[in-house]
>>> print(open('final20.cif').read())   # mmCIF, C-alpha atoms
data_run
loop_
_atom_site.label_atom_id
_atom_site.label_comp_id
_atom_site.auth_asym_id
_atom_site.auth_seq_id
_atom_site.Cartn_x
_atom_site.Cartn_y
_atom_site.Cartn_z
CA MET T 842 -22.74 116.39 101.25
CA VAL T 843 -23.75 112.88 100.34
CA GLU T 844 -27.48 112.51 99.93
CA VAL T 845 -29.81 109.60 99.38
CA LYS T 846 -33.21 109.66 97.80
CA VAL T 847 -36.47 109.12 99.65
CA LEU T 848 -37.71 105.72 100.58
CA THR T 849 -39.86 105.25 97.49
CA ASP T 850 -36.76 105.62 95.35
CA ILE T 851 -34.77 103.31 97.61
CA LEU T 852 -37.52 100.74 97.20
CA ALA T 853 -37.65 101.27 93.41
CA ALA T 854 -33.89 100.70 93.19
CA ASN T 855 -34.29 97.65 95.40
CA ASP T 856 -37.04 96.28 93.18
CA ALA T 857 -34.85 96.62 90.10
CA ILE T 858 -32.11 94.51 91.68
CA ALA T 859 -34.72 92.07 92.97
CA GLU T 860 -35.78 91.50 89.35
CA VAL T 861 -32.19 90.57 88.47
CA ASN T 862 -32.15 88.12 91.38
CA ARG T 863 -35.50 86.72 90.28
CA LYS T 864 -34.06 85.93 86.84
CA ILE T 865 -31.06 84.22 88.42
CA PHE T 866 -33.37 82.05 90.56
CA LYS T 867 -35.57 81.26 87.56
CA GLU T 868 -32.66 80.30 85.29
CA ALA T 869 -31.28 78.12 88.07
CA GLY T 870 -34.68 76.47 88.44
CA VAL T 871 -34.72 76.93 92.21
CA LEU T 872 -37.63 77.67 94.50
CA SER T 873 -36.57 80.72 96.53
CA LEU T 874 -38.02 81.39 99.98
CA ASN T 875 -37.39 84.48 102.11
CA LEU T 876 -37.77 83.35 105.75
CA MET T 877 -38.62 86.08 108.26
CA SER T 878 -39.51 86.32 111.98
CA SER T 879 -38.75 88.05 115.25
CA PRO T 880 -35.42 87.20 116.89
CA GLY T 881 -35.48 83.74 118.42
CA ALA T 882 -38.74 82.53 116.86
CA GLY T 883 -36.97 79.48 115.45
CA LYS T 884 -35.80 80.25 111.90
CA THR T 885 -32.53 78.35 112.19
CA SER T 886 -34.21 75.48 114.07
CA LEU T 887 -36.69 75.20 111.19
CA LEU T 888 -33.80 75.00 108.73
CA GLU T 889 -32.14 72.29 110.85
CA ARG T 890 -35.33 70.17 110.95
CA THR T 891 -35.92 70.72 107.22
CA LEU T 892 -32.40 69.78 106.14
CA GLU T 893 -32.45 66.72 108.43
CA ALA T 894 -35.70 65.48 106.90
CA LEU T 895 -35.47 66.43 103.23
CA SER T 896 -31.80 66.37 102.26
CA ASP T 897 -32.18 63.00 100.53
CA GLU T 898 -35.13 64.24 98.52
CA LEU T 899 -34.27 67.86 97.68
CA LYS T 900 -31.05 69.78 97.29
CA PHE T 901 -31.03 72.93 99.42
CA GLY T 902 -28.93 76.07 99.47
CA ILE T 903 -28.96 78.63 102.27
CA VAL T 904 -28.30 82.35 102.49
CA GLU T 905 -27.84 83.36 106.13
CA GLY T 906 -28.59 86.97 107.05
CA ASP T 907 -27.36 88.24 110.40
CA ILE T 908 -26.38 91.61 111.78
CA ALA T 909 -23.33 90.09 113.44
CA THR T 910 -21.75 86.65 113.96
CA THR T 911 -21.84 83.49 111.83
CA ARG T 912 -23.51 81.40 114.55
CA ASP T 913 -26.55 80.40 112.49
CA ALA T 914 -24.43 79.35 109.53
CA GLU T 915 -22.24 77.31 111.89
CA ARG T 916 -25.32 75.48 113.20
CA LEU T 917 -26.06 74.37 109.61
CA GLU T 918 -22.54 73.40 108.58
CA LYS T 919 -23.03 69.74 109.48
CA PHE T 920 -25.64 69.34 106.73
CA ASP T 921 -23.13 69.82 103.92
CA VAL T 922 -25.26 72.27 101.95
CA PRO T 923 -23.95 75.43 100.28
CA ILE T 924 -24.30 78.38 102.68
CA THR T 925 -23.43 82.00 102.07
CA GLN T 926 -23.33 84.34 105.05
CA ILE T 927 -24.39 87.99 104.87
CA ASN T 928 -23.46 90.18 107.84
CA THR T 929 -25.56 93.30 107.52
CA GLN T 930 -23.63 95.23 110.21
CA SER T 931 -26.12 97.85 111.38
CA GLU T 932 -28.82 97.05 108.81
CA CYS T 933 -31.91 95.47 110.31
CA HIS T 934 -33.02 93.56 107.20
CA LEU T 935 -31.79 92.00 103.97
CA ASP T 936 -32.29 93.93 100.76
CA ALA T 937 -32.03 92.82 97.13
CA ASN T 938 -28.51 94.15 96.73
CA MET T 939 -27.17 92.21 99.73
CA VAL T 940 -28.83 89.05 98.46
CA HIS T 941 -27.43 89.72 94.99
CA GLY T 942 -23.94 89.79 96.44
CA ALA T 943 -24.61 86.46 98.13
CA ILE T 944 -26.06 84.66 95.10
CA LYS T 945 -24.10 85.97 92.16
CA ASP T 946 -21.48 83.23 92.55
CA PHE T 947 -23.71 80.73 94.35
CA PRO T 948 -23.30 77.03 93.36
CA PHE T 949 -26.81 76.65 91.93
CA ALA T 950 -26.09 73.51 89.85
CA GLY T 951 -28.53 70.77 90.85
CA LEU T 952 -30.14 72.90 93.54
CA ASP T 953 -33.90 72.66 94.15
CA VAL T 954 -34.62 75.11 96.96
CA LEU T 955 -32.83 78.23 98.19
CA ILE T 956 -33.86 79.48 101.62
CA ILE T 957 -32.85 83.00 102.58
CA GLU T 958 -32.89 83.42 106.36
CA ASN T 959 -33.53 87.09 107.03
CA VAL T 960 -32.43 89.16 110.05
CA GLY T 961 -34.65 88.58 113.09
CA ASN T 962 -37.07 91.50 112.92
CA LEU T 963 -40.86 91.52 112.61
CA VAL T 964 -40.94 94.86 110.79
CA CYS T 965 -38.34 95.94 108.24
CA PRO T 966 -37.59 92.70 106.30
CA ALA T 967 -41.18 92.73 105.00
CA GLU T 968 -40.57 96.03 103.20
CA PHE T 969 -37.86 94.65 100.91
CA VAL T 970 -38.45 92.27 98.00
CA VAL T 971 -35.24 90.35 97.25
CA GLY T 972 -36.48 88.44 94.17
CA GLU T 973 -37.94 85.53 96.13
CA ASP T 974 -40.81 83.30 94.99
CA HIS T 975 -42.37 83.60 98.43
CA LYS T 976 -41.93 85.45 101.64
CA MET T 977 -42.78 83.25 104.60
CA MET T 978 -42.67 83.83 108.33
CA LEU T 979 -42.51 82.22 111.72
CA LEU T 980 -44.46 83.42 114.72
CA SER T 981 -43.62 81.86 118.07
CA VAL T 982 -46.55 81.25 120.41
CA THR T 983 -44.50 82.98 123.11
CA GLU T 984 -44.87 86.26 121.19
CA GLY T 985 -48.63 86.47 121.66
CA ASP T 986 -51.75 86.06 119.52
CA ASP T 987 -52.10 89.82 118.93
CA LYS T 988 -48.98 90.18 116.78
CA PRO T 989 -50.69 90.04 113.34
CA LEU T 990 -52.66 93.18 114.24
CA LYS T 991 -49.69 94.96 115.80
CA TYR T 992 -47.18 94.16 113.04
CA PRO T 993 -49.47 93.75 110.02
CA LEU T 994 -47.09 94.25 107.09
CA MET T 995 -45.09 91.05 107.53
CA PHE T 996 -48.24 88.95 107.79
CA HIS T 997 -49.64 90.75 104.74
CA GLU T 998 -46.54 90.15 102.61
CA SER T 999 -46.08 86.47 103.50
CA SER T 1000 -47.51 83.52 101.56
CA LEU T 1001 -47.09 81.18 104.51
CA LEU T 1002 -47.27 81.65 108.27
CA LEU T 1003 -45.75 78.94 110.45
CA ILE T 1004 -46.89 79.25 114.06
CA ASN T 1005 -43.98 77.67 115.93
CA LYS T 1006 -43.26 76.36 119.44
CA THR T 1007 -46.67 74.74 119.88
CA ASP T 1008 -44.95 72.58 122.54
CA LEU T 1009 -45.02 75.70 124.76
CA LEU T 1010 -48.79 76.28 124.39
CA PRO T 1011 -49.60 74.80 127.83
CA TYR T 1012 -47.34 77.38 129.48
CA VAL T 1013 -48.25 80.62 127.70
CA ASP T 1014 -51.36 82.75 127.18
CA PHE T 1015 -51.84 82.22 123.45
CA ASP T 1016 -55.20 81.54 121.83
CA MET T 1017 -54.51 79.74 118.55
CA GLU T 1018 -57.92 80.53 117.08
CA VAL T 1019 -57.52 84.23 117.89
CA ALA T 1020 -54.04 84.25 116.35
CA LYS T 1021 -55.28 82.64 113.14
CA ARG T 1022 -58.28 84.95 112.96
CA ASN T 1023 -56.03 88.00 113.44
CA ALA T 1024 -53.62 86.78 110.75
CA LEU T 1025 -56.41 86.08 108.26
CA GLN T 1026 -57.93 89.49 108.99
CA VAL T 1027 -54.65 91.05 107.81
CA SER T 1028 -54.17 88.62 104.92
CA PRO T 1029 -57.19 86.47 103.97
CA LYS T 1030 -55.22 84.23 101.57
CA LEU T 1031 -52.41 83.41 104.01
CA ASP T 1032 -51.54 79.71 104.40
CA ILE T 1033 -51.18 78.91 108.10
CA LEU T 1034 -49.53 75.82 109.61
CA THR T 1035 -48.85 75.10 113.27
CA ILE T 1036 -45.53 73.45 114.07
CA SER T 1037 -43.05 72.61 116.79
CA CYS T 1038 -39.43 72.41 115.71
CA LYS T 1039 -38.75 70.79 119.09
CA THR T 1040 -41.26 67.88 118.92
CA GLY T 1041 -41.62 67.74 115.13
CA GLU T 1042 -45.38 68.34 115.30
CA GLY T 1043 -46.77 69.70 112.04
CA LEU T 1044 -43.48 69.60 110.13
CA ASP T 1045 -44.82 67.08 107.58
CA GLU T 1046 -47.34 69.68 106.45
CA TRP T 1047 -44.53 72.20 106.03
CA PHE T 1048 -42.55 69.71 103.97
CA ASP T 1049 -45.66 69.15 101.81
CA TRP T 1050 -45.99 72.91 101.37
CA ILE T 1051 -42.44 73.07 99.99
CA ARG T 1052 -43.18 70.18 97.61
CA ALA T 1053 -46.38 71.87 96.42
CA GLN T 1054 -44.56 75.12 95.57
CA ARG T 1055 -42.11 73.26 93.34
CA VAL T 1056 -44.82 71.87 91.02
CA MET C 368 -37.49 115.47 93.94
CA VAL C 369 -37.65 115.31 97.70
CA GLU C 370 -34.39 114.23 99.25
CA VAL C 371 -33.27 113.34 102.75
CA LYS C 372 -29.82 113.55 104.20
CA VAL C 373 -27.69 110.57 105.09
CA LEU C 374 -28.12 108.64 108.28
CA THR C 375 -25.46 110.57 110.19
CA ASP C 376 -27.42 113.76 109.56
CA ILE C 377 -30.70 112.09 110.46
CA LEU C 378 -29.13 111.00 113.73
CA ALA C 379 -27.67 114.48 114.36
CA ALA C 380 -31.11 116.02 113.82
CA ASN C 381 -32.59 113.37 116.09
CA ASP C 382 -30.03 114.13 118.81
CA ALA C 383 -30.88 117.83 118.71
CA ILE C 384 -34.56 117.10 119.35
CA ALA C 385 -33.60 114.54 122.01
CA GLU C 386 -31.81 117.33 123.88
CA VAL C 387 -35.02 119.38 123.89
CA ASN C 388 -36.89 116.35 125.28
CA ARG C 389 -34.18 115.85 127.89
CA LYS C 390 -34.68 119.40 129.15
CA ILE C 391 -38.44 118.85 129.35
CA PHE C 392 -37.90 115.69 131.42
CA LYS C 393 -35.39 117.45 133.67
CA GLU C 394 -37.59 120.46 134.29
CA ALA C 395 -40.48 118.13 135.07
CA GLY C 396 -38.26 116.21 137.51
CA VAL C 397 -39.19 112.83 136.02
CA LEU C 398 -37.05 109.77 135.57
CA SER C 399 -37.42 108.81 131.88
CA LEU C 400 -36.94 105.22 130.74
CA ASN C 401 -36.96 103.99 127.11
CA LEU C 402 -38.15 100.37 127.22
CA MET C 403 -37.12 98.18 124.28
CA SER C 404 -37.39 94.51 123.28
CA SER C 405 -38.38 92.08 120.53
CA PRO C 406 -42.10 91.74 119.83
CA GLY C 407 -43.84 89.79 122.58
CA ALA C 408 -40.99 89.77 125.09
CA GLY C 409 -43.27 91.26 127.74
CA LYS C 410 -42.92 95.06 127.71
CA THR C 411 -46.60 95.75 128.37
CA SER C 412 -46.80 92.97 130.95
CA LEU C 413 -43.87 94.58 132.77
CA LEU C 414 -45.72 97.89 132.79
CA GLU C 415 -48.85 96.17 134.13
CA ARG C 416 -46.93 94.54 136.99
CA THR C 417 -45.07 97.78 137.74
CA LEU C 418 -48.17 99.96 137.84
CA GLU C 419 -49.98 97.39 139.98
CA ALA C 420 -47.17 97.32 142.53
CA LEU C 421 -45.89 100.89 142.64
CA SER C 422 -48.82 103.19 141.87
CA ASP C 423 -49.28 104.09 145.54
CA GLU C 424 -45.60 104.94 145.88
CA LEU C 425 -44.70 106.62 142.58
CA LYS C 426 -46.68 108.52 139.96
CA PHE C 427 -46.11 107.09 136.49
CA GLY C 428 -46.76 108.34 132.98
CA ILE C 429 -46.61 106.18 129.87
CA VAL C 430 -45.82 106.82 126.21
CA GLU C 431 -46.93 103.84 124.12
CA GLY C 432 -45.17 103.28 120.79
CA ASP C 433 -46.77 100.91 118.31
CA ILE C 434 -46.74 100.57 114.55
CA ALA C 435 -50.50 100.00 114.56
CA THR C 436 -53.35 99.59 117.07
CA THR C 437 -53.84 101.01 120.57
CA ARG C 438 -54.01 97.56 122.20
CA ASP C 439 -51.11 98.12 124.61
CA ALA C 440 -52.47 101.47 125.76
CA GLU C 441 -55.89 99.84 126.29
CA ARG C 442 -54.28 97.18 128.50
CA LEU C 443 -52.98 99.98 130.75
CA GLU C 444 -56.12 102.14 130.87
CA LYS C 445 -57.36 100.55 134.09
CA PHE C 446 -54.42 101.97 136.03
CA ASP C 447 -55.59 105.56 135.64
CA VAL C 448 -52.16 106.91 134.63
CA PRO C 449 -51.60 109.44 131.83
CA ILE C 450 -50.88 107.58 128.57
CA THR C 451 -50.07 109.02 125.18
CA GLN C 452 -50.17 106.72 122.16
CA ILE C 453 -47.77 107.04 119.22
CA ASN C 454 -48.65 105.04 116.10
CA THR C 455 -45.53 105.01 113.98
CA GLN C 456 -47.28 103.62 110.89
CA SER C 457 -44.46 102.01 108.90
CA GLU C 458 -41.65 103.19 111.19
CA CYS C 459 -39.99 100.37 113.14
CA HIS C 460 -38.82 102.49 116.09
CA LEU C 461 -39.51 105.64 118.07
CA ASP C 462 -37.37 108.68 117.36
CA ALA C 463 -36.92 111.90 119.33
CA ASN C 464 -39.37 113.83 117.16
CA MET C 465 -42.18 111.32 117.67
CA VAL C 466 -41.56 111.34 121.41
CA HIS C 467 -41.47 115.14 121.38
CA GLY C 468 -44.94 115.16 119.84
CA ALA C 469 -46.13 112.85 122.59
CA ILE C 470 -44.64 114.77 125.54
CA LYS C 471 -44.96 118.42 124.59
CA ASP C 472 -48.42 118.63 126.19
CA PHE C 473 -47.98 115.75 128.63
CA PRO C 474 -49.46 116.23 132.14
CA PHE C 475 -46.12 116.11 133.97
CA ALA C 476 -47.32 117.78 137.20
CA GLY C 477 -46.54 115.50 140.14
CA LEU C 478 -45.13 112.76 137.91
CA ASP C 479 -42.13 110.73 139.12
CA VAL C 480 -41.39 108.29 136.29
CA LEU C 481 -42.14 108.35 132.55
CA ILE C 482 -41.80 105.01 130.76
CA ILE C 483 -41.63 105.09 126.97
CA GLU C 484 -42.57 101.69 125.52
CA ASN C 485 -40.82 101.42 122.17
CA VAL C 486 -41.89 99.42 119.10
CA GLY C 487 -41.09 95.72 119.42
CA ASN C 488 -37.81 95.39 117.56
CA LEU C 489 -34.39 94.22 118.77
CA VAL C 490 -32.49 96.37 116.26
CA CYS C 491 -33.60 99.86 115.23
CA PRO C 492 -34.89 101.40 118.50
CA ALA C 493 -31.36 101.21 119.92
CA GLU C 494 -30.09 103.61 117.25
CA PHE C 495 -32.28 106.51 118.34
CA VAL C 496 -31.81 108.55 121.52
CA VAL C 497 -35.11 110.17 122.52
CA GLY C 498 -33.82 112.20 125.51
CA GLU C 499 -34.27 109.39 128.03
CA ASP C 500 -32.28 108.99 131.25
CA HIS C 501 -31.84 105.30 130.49
CA LYS C 502 -32.48 102.84 127.74
CA MET C 503 -33.49 99.47 129.15
CA MET C 504 -34.48 96.21 127.53
CA LEU C 505 -36.27 92.95 128.00
CA LEU C 506 -35.01 89.64 126.63
CA SER C 507 -37.36 86.68 126.85
CA VAL C 508 -35.74 83.33 127.64
CA THR C 509 -37.68 81.93 124.66
CA GLU C 510 -35.52 84.04 122.33
CA GLY C 511 -32.30 82.19 123.11
CA ASP C 512 -29.09 82.88 125.05
CA ASP C 513 -27.17 83.88 121.91
CA LYS C 514 -29.10 87.09 121.27
CA PRO C 515 -26.64 89.55 122.89
CA LEU C 516 -23.98 88.47 120.38
CA LYS C 517 -26.34 88.48 117.40
CA TYR C 518 -28.02 91.83 118.16
CA PRO C 519 -25.26 93.62 120.09
CA LEU C 520 -26.24 97.29 119.74
CA MET C 521 -29.36 97.14 121.91
CA PHE C 522 -27.49 95.37 124.71
CA HIS C 523 -24.66 97.89 124.36
CA GLU C 524 -26.95 100.93 124.58
CA SER C 525 -29.02 99.70 127.54
CA SER C 526 -28.32 100.46 131.20
CA LEU C 527 -30.49 97.56 132.37
CA LEU C 528 -31.29 94.15 130.92
CA LEU C 529 -34.32 92.34 132.33
CA ILE C 530 -34.29 88.66 131.35
CA ASN C 531 -38.00 87.83 131.39
CA LYS C 532 -40.22 84.72 131.36
CA THR C 533 -38.00 82.75 133.73
CA ASP C 534 -41.13 80.65 134.42
CA LEU C 535 -40.53 79.08 130.97
CA LEU C 536 -36.92 78.07 131.69
CA PRO C 537 -37.82 74.39 132.30
CA TYR C 538 -39.28 74.15 128.80
CA VAL C 539 -36.71 75.94 126.63
CA ASP C 540 -33.02 75.55 125.79
CA PHE C 541 -31.68 78.67 127.47
CA ASP C 542 -28.52 78.75 129.57
CA MET C 543 -28.83 81.73 131.93
CA GLU C 544 -25.10 81.87 132.66
CA VAL C 545 -24.27 81.86 128.94
CA ALA C 546 -26.83 84.61 128.30
CA LYS C 547 -25.40 86.79 131.08
CA ARG C 548 -21.83 86.17 129.92
CA ASN C 549 -22.76 87.09 126.33
CA ALA C 550 -24.54 90.26 127.47
CA LEU C 551 -21.61 91.34 129.67
CA GLN C 552 -19.20 90.63 126.81
CA VAL C 553 -21.11 93.20 124.74
CA SER C 554 -21.60 95.64 127.62
CA PRO C 555 -19.49 95.01 130.77
CA LYS C 556 -21.33 97.59 132.90
CA LEU C 557 -24.84 96.32 132.09
CA ASP C 558 -27.13 95.73 135.09
CA ILE C 559 -28.88 92.37 134.66
CA LEU C 560 -31.96 91.16 136.54
CA THR C 561 -33.95 87.97 135.94
CA ILE C 562 -37.72 88.27 136.21
CA SER C 563 -41.02 86.62 135.45
CA CYS C 564 -43.93 88.97 134.85
CA LYS C 565 -46.16 85.91 135.16
CA THR C 566 -45.06 84.64 138.61
CA GLY C 567 -43.62 87.93 139.91
CA GLU C 568 -40.17 86.42 140.45
CA GLY C 569 -37.45 89.06 140.56
CA LEU C 570 -39.80 92.04 140.22
CA ASP C 571 -38.82 93.43 143.64
CA GLU C 572 -35.27 93.90 142.33
CA TRP C 573 -36.64 95.77 139.31
CA PHE C 574 -38.69 98.01 141.59
CA ASP C 575 -35.55 98.68 143.65
CA TRP C 576 -33.68 99.54 140.44
CA ILE C 577 -36.30 102.21 139.63
CA ARG C 578 -36.04 103.62 143.16
CA ALA C 579 -32.25 103.75 142.94
CA GLN C 580 -32.33 105.73 139.67
CA ARG C 581 -34.49 108.42 141.26
CA VAL C 582 -31.98 109.25 144.01
#
>>> encode(input="final20.cif", output="structure tokens")
Amino acid sequence: MVEVKVLTDILAANDAIAEVNRKIFKEAGVLSLNLMSSPGAGKTSLLERTLEALSDELKFGIVEGDIATTRDAERLEKFDVPITQINTQSECHLDANMVHGAIKDFPFAGLDVLIIENVGNLVCPAEFVVGEDHKMMLLSVTEGDDKPLKYPLMFHESSLLLINKTDLLPYVDFDMEVAKRNALQVSPKLDILTISCKTGEGLDEWFDWIRAQRV
Amino acid sequence: MVEVKVLTDILAANDAIAEVNRKIFKEAGVLSLNLMSSPGAGKTSLLERTLEALSDELKFGIVEGDIATTRDAERLEKFDVPITQINTQSECHLDANMVHGAIKDFPFAGLDVLIIENVGNLVCPAEFVVGEDHKMMLLSVTEGDDKPLKYPLMFHESSLLLINKTDLLPYVDFDMEVAKRNALQVSPKLDILTISCKTGEGLDEWFDWIRAQRV
């Protein structure tokens, strides 16, 4: 009977591969960001806005993680950036080994920033390091201001929280101050920016955050 | 070294406990519903609206699944229905064993309907049968009309899809016909209702769906 070791060993094996990925990113001189959120919080929209605005200034590469379909990758094709698609099948997150498969032949020459779009899931992706410089996450205001307390790990593991869809604030019950307080209670050093990928509000601060990480 | 068996064996063990739960539900004469969705799609709001409207007609019990906190259970305390809280800690879904722990001493006498609110996650909860009569799910219109294709298993496993937050349709890019077509492509026999827990739109159809399952 095939057997697998307990989760701690799975995570140790994952960490070992993540270190290999980390060296690849470092040698390539790229900033690597692992982008996480619930389904439909706006990860691909954020990539669209970012590539539209910064493609003249920075060279991006994308790893697209999805359980099924290549729809997100197709949305980004028009930007003429290197994209590798990972279909995880039944897996609800990316792990270091999947990312390794996606980056081992990646065209890193001249690249500044690699963004890894994780599977939409507010839980499991936070458990797996993939060798990234930073984990970062989106929270949509439609999800509610209580989410940092209910799903603490992802907020704890992220360097940056982007609170997205601020254009919908007039129509939902979401207290921005409560949301920020809850997030900082889980992770006091978390950077928090409020954005709308629809109206463009706050995106300049996000672009500045990327620039600051590259120094 | 502690070892665990592969996923197929985990699922087989889960199914065996689910059968025990199923017998408990059957002997108690309760309709059991396993309610799933992404974080913040409105599961607890649906329970609030349902208990408000139907408490005089049907006797409900609730099992609340959360990774952390008892916030959802606290929101339902005012309805004076039996509630058992499961905190899954790091687990991203409910399984049959967790539900068994919650129901083995549950006050089933006189109960008509048991609703099990799963952890907010559009992936993993669909993999685990807990002994329920039906899996059902919420999709918020803020999540996008492509979600049935991107996260097919949950749509495939559910008997009922409630498309929630229709009050936000004027403010988001969500094509209801496309969403329904995508969902039916994944699961042709899926029942689909459109609702707003905020305005009450469509909730009468959901209440009728509950009544129809009890016949």
>>> residues_around(input="final20.cif", residues="Ala859 of chain T", least_positions_apart="3", cutoff="8 Å", atoms="only C-alpha atoms", output="list in words")
Asn855, Asp856, Asn862, Arg863, Ala937, Asn938, His941, Val970, Val971, Gly972 and Glu973 of chain T
>>> residues_around(input="final20.cif", residues="Ala967 of chain T", least_positions_apart="5", cutoff="8 Å", atoms="all atoms listed in the file", output="compact mmCIF listing (two decimals) with C-alpha atoms, in the frame of the given file")
# COMPACT_ATOMS: atom_id res chain seq x y z
CA MET T 877 -38.62 86.08 108.26
CA LEU T 994 -47.09 94.25 107.09
CA MET T 995 -45.09 91.05 107.53
CA GLU T 998 -46.54 90.15 102.61
>>> closest_residue(input="final20.cif", among="C:Asp439, C:Asp534, C:Asp433, C:Asp542", to="Asn488 of chain C", atoms="only C-alpha atoms")
C:Asp433
>>> resolve_selection(input="final20.cif", expression="the PyMOL selection byres ((chain T) within 9 of (chain C))", output="JSON, numbers by chain")
{"T": [842, 843, 844, 845, 846, 847, 879, 880, 881, 882, 883, 907, 908, 909, 910, 911, 912, 931, 932, 933, 961, 962, 963, 964, 965, 981, 983, 984, 985, 987, 988, 990, 991, 992, 993, 994, 1008, 1009, 1012, 1013]}
>>> resolve_selection(input="final20.cif", expression="the PyMOL selection byres ((chain C and resi 479) around 12)", output="NGL selection string")
:C and (392-400 or 421-429 or 448 or 474-478 or 480-482 or 577-578 or 580-582)
>>> atom_distance(input="final20.cif", atom1="atom CA of Asn875 of chain T", atom2="atom CA of Asp936 of chain T")
10.8 Å
>>> axis_aligned_box(input="final20.cif", around="segment 514-533 of chain C", padding_each_side="4 Å", output="lines of an AutoDock Vina configuration file")
center_x = -32.1
center_y = 91.8
center_z = 125.6
size_x = 24.2
size_y = 26.2
size_z = 24.3
>>> resolve_selection(input="final20.cif", expression="the PyMOL selection byres ((chain T and resi 1018) around 12)", output="list in words")
Val982, Gly985, Asp986, Asp987, Ile1004, Phe1015, Asp1016, Met1017, Val1019, Ala1020, Lys1021, Arg1022, Asn1023, Ala1024, Leu1025, Ile1033 and Thr1035 of chain T
>>> closest_residue(input="final20.cif", among="T:Asp1032, T:Asp1014, T:Glu918, T:Asp1045", to="Lys976 of chain T", atoms="all atoms listed in the file")
T:Asp1032
>>> residues_around(input="final20.cif", residues="Leu402 of chain C", least_positions_apart="5", cutoff="8 Å", atoms="only C-alpha atoms", output="PDB file with C-alpha atoms, in the coordinates of the input")
ATOM      1  CA  LYS C 410     -42.920  95.060 127.710  1.00  0.00           C
ATOM      2  CA  ILE C 482     -41.800 105.010 130.760  1.00  0.00           C
ATOM      3  CA  ILE C 483     -41.630 105.090 126.970  1.00  0.00           C
ATOM      4  CA  GLU C 484     -42.570 101.690 125.520  1.00  0.00           C
ATOM      5  CA  ASN C 485     -40.820 101.420 122.170  1.00  0.00           C
ATOM      6  CA  LYS C 502     -32.480 102.840 127.740  1.00  0.00           C
ATOM      7  CA  MET C 503     -33.490  99.470 129.150  1.00  0.00           C
ATOM      8  CA  MET C 504     -34.480  96.210 127.530  1.00  0.00           C
ATOM      9  CA  LEU C 505     -36.270  92.950 128.000  1.00  0.00           C
TER      10      LEU C 505
END
>>> atom_distance(input="final20.cif", atom1="atom CA of Leu917 of chain T", atom2="atom CA of Leu892 of chain T")
8.6 Å
>>> atom_distance(input="final20.cif", atom1="atom CA of Leu1003 of chain T", atom2="atom CA of Thr411 of chain C")
24.6 Å
>>> residues_near_point(input="final20.cif", point="(-23.7, 84.1, 96.9)", cutoff="9 Å", atoms="all atoms listed in the file", output="list in words")
Val904, Ile924, Thr925, Gln926, Ile927, Val940, His941, Gly942, Ala943, Ile944, Lys945, Asp946, Phe947 and Pro948 of chain T
>>> write_last_selection(input="final20.cif", atoms="C-alpha atoms", output="compact mmCIF listing (two decimals), in the coordinates of the input")
# COMPACT_ATOMS: atom_id res chain seq x y z
CA VAL T 904 -28.30 82.35 102.49
CA ILE T 924 -24.30 78.38 102.68
CA THR T 925 -23.43 82.00 102.07
CA GLN T 926 -23.33 84.34 105.05
CA ILE T 927 -24.39 87.99 104.87
CA VAL T 940 -28.83 89.05 98.46
CA HIS T 941 -27.43 89.72 94.99
CA GLY T 942 -23.94 89.79 96.44
CA ALA T 943 -24.61 86.46 98.13
CA ILE T 944 -26.06 84.66 95.10
CA LYS T 945 -24.10 85.97 92.16
CA ASP T 946 -21.48 83.23 92.55
CA PHE T 947 -23.71 80.73 94.35
CA PRO T 948 -23.30 77.03 93.36
